[in-house]
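So this block is entry.csv, CSV, C-alpha atoms:
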chain,number,residue,atom,x,y,z
W,14,MET,CA,-8.1,-40.7,11.7
W,15,SER,CA,-4.9,-39.0,10.9
W,16,GLN,CA,-1.5,-40.7,10.8
W,17,ALA,CA,-0.7,-39.0,14.1
W,18,ASP,CA,-3.6,-40.9,15.7
W,19,GLY,CA,-3.2,-44.2,13.7
W,20,ILE,CA,-0.6,-46.6,12.7
W,21,VAL,CA,2.1,-45.8,10.1
W,22,LEU,CA,2.4,-49.0,8.2
W,23,GLN,CA,6.1,-48.4,7.2
W,24,THR,CA,7.1,-48.2,10.9
W,25,SER,CA,4.5,-50.5,12.5
W,26,LEU,CA,6.3,-53.6,13.9
W,27,GLY,CA,3.1,-55.5,13.9
W,28,TYR,CA,2.5,-54.8,10.2
W,29,LEU,CA,6.1,-55.7,9.3
W,30,LEU,CA,5.8,-59.0,11.2
W,31,LYS,CA,2.6,-59.8,9.2
W,32,GLU,CA,4.4,-58.9,6.0
W,33,ALA,CA,7.4,-61.1,7.0
W,34,SER,CA,5.0,-63.9,7.9
W,35,SER,CA,3.3,-63.6,4.5
W,36,ALA,CA,6.6,-63.6,2.6
W,37,LEU,CA,7.8,-66.6,4.6
W,38,ARG,CA,4.5,-68.5,3.9
W,39,THR,CA,4.8,-67.7,0.2
W,40,ALA,CA,8.4,-68.9,0.0
W,41,MET,CA,7.6,-72.1,2.0
W,42,GLU,CA,4.6,-72.8,-0.2
W,43,SER,CA,6.7,-72.5,-3.3
W,44,VAL,CA,9.3,-75.1,-2.1
W,45,LEU,CA,6.7,-77.5,-0.7
W,46,ARG,CA,4.3,-77.4,-3.6
W,47,PRO,CA,6.6,-79.5,-5.9
W,48,LEU,CA,6.7,-82.1,-3.1
W,49,GLY,CA,2.9,-82.3,-3.1
W,50,MET,CA,2.7,-80.7,0.4
W,51,THR,CA,1.1,-77.8,2.0
W,52,ILE,CA,2.5,-75.9,5.0
W,53,THR,CA,0.0,-77.6,7.3
W,54,HIS,CA,0.9,-81.0,5.8
W,55,TYR,CA,4.6,-80.3,6.5
W,56,SER,CA,3.9,-78.9,10.0
W,57,CYS,CA,1.9,-82.0,11.0
W,58,LEU,CA,4.8,-84.3,9.9
W,59,GLU,CA,7.4,-82.2,11.6
W,60,LEU,CA,5.4,-82.1,14.8
W,61,LEU,CA,5.0,-85.9,14.7
W,62,ALA,CA,8.7,-86.4,14.2
W,63,GLN,CA,9.6,-84.2,17.2
W,64,ARG,CA,6.7,-85.4,19.4
W,65,PRO,CA,5.6,-88.9,18.3
W,66,GLY,CA,2.1,-89.9,19.4
W,67,LEU,CA,0.5,-86.5,19.5
W,68,SER,CA,-3.3,-86.5,19.3
W,69,ASN,CA,-5.4,-84.8,16.7
W,70,SER,CA,-6.1,-81.9,19.1
W,71,ASP,CA,-2.4,-81.5,19.9
W,72,LEU,CA,-1.5,-81.5,16.2
W,73,ALA,CA,-4.2,-79.0,15.3
W,74,ARG,CA,-2.9,-76.6,18.0
W,75,GLY,CA,0.7,-77.0,16.9
W,76,ALA,CA,-0.2,-76.4,13.2
W,77,PHE,CA,-2.6,-73.6,13.9
W,78,VAL,CA,-5.6,-75.2,12.3
W,79,THR,CA,-8.9,-76.5,13.6
W,80,ARG,CA,-9.4,-80.1,14.9
W,81,GLN,CA,-11.7,-80.7,12.0
W,82,SER,CA,-9.1,-79.6,9.4
W,83,MET,CA,-6.4,-81.7,11.1
W,84,ASN,CA,-8.7,-84.7,11.2
W,85,VAL,CA,-9.2,-84.4,7.4
W,86,LEU,CA,-5.4,-84.0,6.9
W,87,LEU,CA,-4.6,-87.0,9.1
W,88,GLN,CA,-7.1,-89.2,7.2
W,89,ALA,CA,-5.3,-88.2,3.9
W,90,LEU,CA,-1.8,-88.8,5.5
W,91,GLU,CA,-2.9,-92.2,6.7
W,92,ARG,CA,-4.4,-93.1,3.4
W,93,ASP,CA,-1.2,-92.1,1.6
W,94,GLY,CA,0.9,-94.1,4.1
W,95,PHE,CA,2.7,-91.2,5.8
W,96,VAL,CA,1.2,-91.8,9.3
W,97,THR,CA,-0.5,-94.6,11.3
W,98,ARG,CA,-3.1,-94.0,13.9
W,99,SER,CA,-4.1,-96.4,16.7
W,100,THR,CA,-7.6,-97.7,16.5
W,101,GLN,CA,-7.8,-97.8,20.3
W,102,ALA,CA,-7.0,-94.8,22.6
W,103,ALA,CA,-4.6,-95.6,25.4
W,104,VAL,CA,-6.3,-93.0,27.5
W,105,GLY,CA,-9.5,-91.1,26.9
W,106,LYS,CA,-10.5,-90.7,23.2
W,107,ALA,CA,-7.3,-89.4,21.7
W,108,LEU,CA,-5.8,-91.6,19.0
W,109,PRO,CA,-2.0,-91.2,19.0
W,110,THR,CA,-0.4,-90.7,15.5
W,111,GLN,CA,3.0,-92.0,14.4
W,112,LEU,CA,5.1,-91.3,11.3
W,113,THR,CA,5.7,-94.2,9.0
W,114,PRO,CA,9.1,-94.8,7.3
W,115,LEU,CA,7.5,-93.2,4.1
W,116,GLY,CA,6.3,-90.2,6.2
W,117,ARG,CA,9.8,-89.8,7.6
W,118,GLN,CA,11.4,-89.9,4.1
W,119,ARG,CA,8.9,-87.3,2.8
W,120,LEU,CA,9.5,-85.1,5.9
W,121,ASP,CA,13.2,-85.2,5.4
W,122,GLU,CA,12.8,-83.9,1.8
W,123,ALA,CA,10.4,-81.2,3.0
W,124,SER,CA,12.6,-80.2,5.9
W,125,ALA,CA,15.5,-79.6,3.6
W,126,ALA,CA,13.4,-77.5,1.4
W,127,VAL,CA,12.0,-75.4,4.3
W,128,ARG,CA,15.4,-75.1,5.8
W,129,SER,CA,16.7,-73.5,2.5
W,130,VAL,CA,14.0,-70.9,2.9
W,131,GLU,CA,14.9,-70.1,6.4
W,132,VAL,CA,18.6,-69.9,5.5
W,133,ARG,CA,17.7,-67.4,2.7
W,134,MET,CA,15.5,-65.4,5.1
W,135,LEU,CA,18.3,-65.1,7.7
W,136,SER,CA,21.2,-64.7,5.2
W,137,ALA,CA,21.6,-60.9,6.0
W,138,LEU,CA,21.8,-61.5,9.7
W,139,SER,CA,24.9,-62.4,11.7
W,140,PRO,CA,24.6,-65.4,14.1
W,141,ASP,CA,24.4,-62.9,17.0
W,142,GLU,CA,21.6,-61.0,15.3
W,143,GLN,CA,19.8,-64.3,14.6
W,144,SER,CA,20.0,-65.2,18.3
W,145,GLN,CA,18.7,-61.8,19.2
W,146,ALA,CA,15.8,-62.0,16.8
W,147,LEU,CA,14.8,-65.4,18.4
W,148,THR,CA,14.9,-63.9,21.8
W,149,ILE,CA,12.9,-60.8,20.8
W,150,LEU,CA,10.3,-62.8,19.0
W,151,ARG,CA,9.9,-65.2,21.9
W,152,SER,CA,9.5,-62.2,24.2
W,153,MET,CA,6.8,-60.7,22.0
W,154,ILE,CA,4.9,-64.0,21.9
W,155,HIS,CA,5.1,-64.4,25.7
W,156,SER,CA,3.9,-60.8,26.2
W,157,LEU,CA,0.9,-61.3,24.0
W,158,ARG,CA,0.0,-64.7,25.5
W,159,GLY,CA,0.8,-63.8,29.0

Represent the structure from my file as structure tokens, please.
Amino acid sequence: MSQADGIVLQTSLGYLLKEASSALRTAMESVLRPLGMTITHYSCLELLAQRPGLSNSDLARGAFVTRQSMNVLLQALERDGFVTRSTQAAVGKALPTQLTPLGRQRLDEASAAVRSVEVRMLSALSPDEQSQALTILRSMIHSLRG
């Protein structure tokens, strides 16, 4: 396939988004690693802070991992005292999960580290450009999921 028929990586928006995603992931991993966290670990705590009581399935969807992976992570977070899970489901089988005070403290540290990465990522954009980027990215997501 010639370049006329295929994708030119330097001008492919999809490729650039993937490259940006990879650079963001690497930067986030580098600030979370000293805190003993992974991106999934951080994502789980952040989701619970914003939406207390989420189930394993909800957390897995929000962190972009399988339910099995999330279950293993939740067991570790519970063992380490970052979250508590009910032993009885209020409705159905879902066991709601809550942050503990220790989990909240660790999340605050991780959020500050991740925020520093985001600030660095957006440093070359004006506030107006940042707002436009959010709008454009949301539109792309909507188009692909719609």

Separation of CA of Ala125 in chain W from CA of Leu26 in chain W, in Å and rounded to one decimal: 29.4 Å

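A straight line drawn from CA of Met50 in chain W to CA of Ala123 in chain W is 8.1 Å long.
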
Glu59 in chain W: which residues within 12 Å, counting only C-alpha atoms, same-chain residues fewer than 5 positions away excluded, as an mmCIF file with C-alpha atoms, in the frame of the given file?
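Output below, filename around_38.cif:
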data_model
loop_
_atom_site.group_PDB
_atom_site.id
_atom_site.type_symbol
_atom_site.label_atom_id
_atom_site.label_comp_id
_atom_site.auth_asym_id
_atom_site.auth_seq_id
_atom_site.Cartn_x
_atom_site.Cartn_y
_atom_site.Cartn_z
ATOM 1 C CA ILE W 52 2.500 -75.900 5.000
ATOM 2 C CA THR W 53 0.000 -77.600 7.300
ATOM 3 C CA HIS W 54 0.900 -81.000 5.800
ATOM 4 C CA ARG W 64 6.700 -85.400 19.400
ATOM 5 C CA PRO W 65 5.600 -88.900 18.300
ATOM 6 C CA LEU W 67 0.500 -86.500 19.500
ATOM 7 C CA LEU W 72 -1.500 -81.500 16.200
ATOM 8 C CA GLY W 75 0.700 -77.000 16.900
ATOM 9 C CA ALA W 76 -0.200 -76.400 13.200
ATOM 10 C CA PHE W 95 2.700 -91.200 5.800
ATOM 11 C CA VAL W 96 1.200 -91.800 9.300
ATOM 12 C CA GLN W 111 3.000 -92.000 14.400
ATOM 13 C CA LEU W 112 5.100 -91.300 11.300
ATOM 14 C CA GLY W 116 6.300 -90.200 6.200
ATOM 15 C CA ARG W 117 9.800 -89.800 7.600
ATOM 16 C CA GLN W 118 11.400 -89.900 4.100
ATOM 17 C CA ARG W 119 8.900 -87.300 2.800
ATOM 18 C CA LEU W 120 9.500 -85.100 5.900
ATOM 19 C CA ASP W 121 13.200 -85.200 5.400
ATOM 20 C CA GLU W 122 12.800 -83.900 1.800
ATOM 21 C CA ALA W 123 10.400 -81.200 3.000
ATOM 22 C CA SER W 124 12.600 -80.200 5.900
ATOM 23 C CA ALA W 125 15.500 -79.600 3.600
ATOM 24 C CA VAL W 127 12.000 -75.400 4.300
#

So what do you get for CA of Thr110 in chain W versus CA of Leu61 in chain W, distance-wise?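 Between CA of Thr110 in chain W and CA of Leu61 in chain W the gap works out to 7.3 Å.
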
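With only C-alpha atoms as the atoms that count, the minimum distance from Tyr55 in chain W to the choices W:Ala36, W:Met41, W:Leu150, W:Leu22 is reached by W:Met41.
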
Since the input has fewer atoms than a full residue there, write range 132-143 of chain W out with all heavy atoms, as a PDB file, in the frame of the given file.
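Written out: selection-v2.pdb:
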ATOM      1  N   VAL W 132      17.252 -70.369   5.709  1.00  0.00           N
ATOM      2  CA  VAL W 132      18.600 -69.900   5.500  1.00  0.00           C
ATOM      3  C   VAL W 132      18.625 -68.631   4.666  1.00  0.00           C
ATOM      4  O   VAL W 132      19.326 -67.658   4.971  1.00  0.00           O
ATOM      5  CB  VAL W 132      19.491 -71.019   4.857  1.00  0.00           C
ATOM      6  CG1 VAL W 132      20.800 -70.468   4.322  1.00  0.00           C
ATOM      7  CG2 VAL W 132      19.742 -72.135   5.859  1.00  0.00           C
ATOM      8  N   ARG W 133      17.821 -68.624   3.602  1.00  0.00           N
ATOM      9  CA  ARG W 133      17.700 -67.400   2.700  1.00  0.00           C
ATOM     10  C   ARG W 133      17.167 -66.247   3.535  1.00  0.00           C
ATOM     11  O   ARG W 133      17.663 -65.125   3.431  1.00  0.00           O
ATOM     12  CB  ARG W 133      16.837 -67.744   1.547  1.00  0.00           C
ATOM     13  CG  ARG W 133      16.802 -66.630   0.519  1.00  0.00           C
ATOM     14  CD  ARG W 133      16.053 -67.041  -0.721  1.00  0.00           C
ATOM     15  NE  ARG W 133      14.805 -67.701  -0.385  1.00  0.00           N
ATOM     16  CZ  ARG W 133      13.705 -67.635  -1.113  1.00  0.00           C
ATOM     17  NH1 ARG W 133      13.693 -66.963  -2.237  1.00  0.00           N
ATOM     18  NH2 ARG W 133      12.615 -68.245  -0.750  1.00  0.00           N
ATOM     19  N   MET W 134      16.151 -66.502   4.360  1.00  0.00           N
ATOM     20  CA  MET W 134      15.500 -65.400   5.100  1.00  0.00           C
ATOM     21  C   MET W 134      16.525 -64.813   6.121  1.00  0.00           C
ATOM     22  O   MET W 134      16.510 -63.603   6.349  1.00  0.00           O
ATOM     23  CB  MET W 134      14.326 -66.002   5.913  1.00  0.00           C
ATOM     24  CG  MET W 134      13.636 -65.001   6.819  1.00  0.00           C
ATOM     25  SD  MET W 134      12.238 -65.725   7.700  1.00  0.00           S
ATOM     26  CE  MET W 134      13.049 -66.829   8.851  1.00  0.00           C
ATOM     27  N   LEU W 135      17.398 -65.623   6.682  1.00  0.00           N
ATOM     28  CA  LEU W 135      18.300 -65.100   7.700  1.00  0.00           C
ATOM     29  C   LEU W 135      19.695 -64.756   7.147  1.00  0.00           C
ATOM     30  O   LEU W 135      20.576 -64.347   7.909  1.00  0.00           O
ATOM     31  CB  LEU W 135      18.513 -66.234   8.774  1.00  0.00           C
ATOM     32  CG  LEU W 135      17.239 -66.630   9.531  1.00  0.00           C
ATOM     33  CD1 LEU W 135      17.507 -67.817  10.430  1.00  0.00           C
ATOM     34  CD2 LEU W 135      16.695 -65.442  10.312  1.00  0.00           C
ATOM     35  N   SER W 136      19.882 -64.850   5.847  1.00  0.00           N
ATOM     36  CA  SER W 136      21.200 -64.700   5.200  1.00  0.00           C
ATOM     37  C   SER W 136      21.829 -63.296   5.515  1.00  0.00           C
ATOM     38  O   SER W 136      23.049 -63.182   5.545  1.00  0.00           O
ATOM     39  CB  SER W 136      21.153 -64.939   3.748  1.00  0.00           C
ATOM     40  OG  SER W 136      20.324 -63.991   3.103  1.00  0.00           O
ATOM     41  N   ALA W 137      21.029 -62.276   5.714  1.00  0.00           N
ATOM     42  CA  ALA W 137      21.600 -60.900   6.000  1.00  0.00           C
ATOM     43  C   ALA W 137      21.870 -60.674   7.431  1.00  0.00           C
ATOM     44  O   ALA W 137      22.384 -59.612   7.782  1.00  0.00           O
ATOM     45  CB  ALA W 137      20.626 -59.880   5.419  1.00  0.00           C
ATOM     46  N   LEU W 138      21.556 -61.647   8.300  1.00  0.00           N
ATOM     47  CA  LEU W 138      21.800 -61.500   9.700  1.00  0.00           C
ATOM     48  C   LEU W 138      22.990 -62.255  10.198  1.00  0.00           C
ATOM     49  O   LEU W 138      23.194 -63.393   9.784  1.00  0.00           O
ATOM     50  CB  LEU W 138      20.550 -61.947  10.526  1.00  0.00           C
ATOM     51  CG  LEU W 138      19.210 -61.261  10.246  1.00  0.00           C
ATOM     52  CD1 LEU W 138      18.118 -61.911  11.078  1.00  0.00           C
ATOM     53  CD2 LEU W 138      19.283 -59.778  10.513  1.00  0.00           C
ATOM     54  N   SER W 139      23.754 -61.664  11.094  1.00  0.00           N
ATOM     55  CA  SER W 139      24.900 -62.400  11.700  1.00  0.00           C
ATOM     56  C   SER W 139      24.319 -63.414  12.675  1.00  0.00           C
ATOM     57  O   SER W 139      23.145 -63.319  13.086  1.00  0.00           O
ATOM     58  CB  SER W 139      25.776 -61.392  12.456  1.00  0.00           C
ATOM     59  OG  SER W 139      25.106 -60.934  13.634  1.00  0.00           O
ATOM     60  N   PRO W 140      25.130 -64.391  13.079  1.00  0.00           N
ATOM     61  CA  PRO W 140      24.600 -65.400  14.100  1.00  0.00           C
ATOM     62  C   PRO W 140      24.159 -64.670  15.355  1.00  0.00           C
ATOM     63  O   PRO W 140      23.157 -65.086  15.943  1.00  0.00           O
ATOM     64  CB  PRO W 140      25.876 -66.234  14.342  1.00  0.00           C
ATOM     65  CG  PRO W 140      26.635 -66.197  13.054  1.00  0.00           C
ATOM     66  CD  PRO W 140      26.450 -64.776  12.554  1.00  0.00           C
ATOM     67  N   ASP W 141      24.822 -63.618  15.759  1.00  0.00           N
ATOM     68  CA  ASP W 141      24.400 -62.900  17.000  1.00  0.00           C
ATOM     69  C   ASP W 141      23.045 -62.219  16.738  1.00  0.00           C
ATOM     70  O   ASP W 141      22.179 -62.249  17.615  1.00  0.00           O
ATOM     71  CB  ASP W 141      25.457 -61.836  17.304  1.00  0.00           C
ATOM     72  CG  ASP W 141      25.551 -61.568  18.785  1.00  0.00           C
ATOM     73  OD1 ASP W 141      25.319 -62.506  19.580  1.00  0.00           O
ATOM     74  OD2 ASP W 141      25.852 -60.403  19.148  1.00  0.00           O
ATOM     75  N   GLU W 142      22.843 -61.636  15.571  1.00  0.00           N
ATOM     76  CA  GLU W 142      21.600 -61.000  15.300  1.00  0.00           C
ATOM     77  C   GLU W 142      20.450 -62.044  15.169  1.00  0.00           C
ATOM     78  O   GLU W 142      19.317 -61.782  15.597  1.00  0.00           O
ATOM     79  CB  GLU W 142      21.656 -60.217  13.947  1.00  0.00           C
ATOM     80  CG  GLU W 142      22.518 -58.976  14.054  1.00  0.00           C
ATOM     81  CD  GLU W 142      22.819 -58.349  12.709  1.00  0.00           C
ATOM     82  OE1 GLU W 142      22.965 -59.091  11.715  1.00  0.00           O
ATOM     83  OE2 GLU W 142      22.897 -57.096  12.656  1.00  0.00           O
ATOM     84  N   GLN W 143      20.753 -63.218  14.634  1.00  0.00           N
ATOM     85  CA  GLN W 143      19.800 -64.300  14.600  1.00  0.00           C
ATOM     86  C   GLN W 143      19.343 -64.703  15.980  1.00  0.00           C
ATOM     87  O   GLN W 143      18.155 -64.889  16.256  1.00  0.00           O
ATOM     88  CB  GLN W 143      20.327 -65.495  13.819  1.00  0.00           C
ATOM     89  CG  GLN W 143      20.509 -65.247  12.345  1.00  0.00           C
ATOM     90  CD  GLN W 143      21.116 -66.426  11.626  1.00  0.00           C
ATOM     91  OE1 GLN W 143      20.879 -67.576  11.984  1.00  0.00           O
ATOM     92  NE2 GLN W 143      21.899 -66.163  10.588  1.00  0.00           N
TER      93      GLN W 143
END
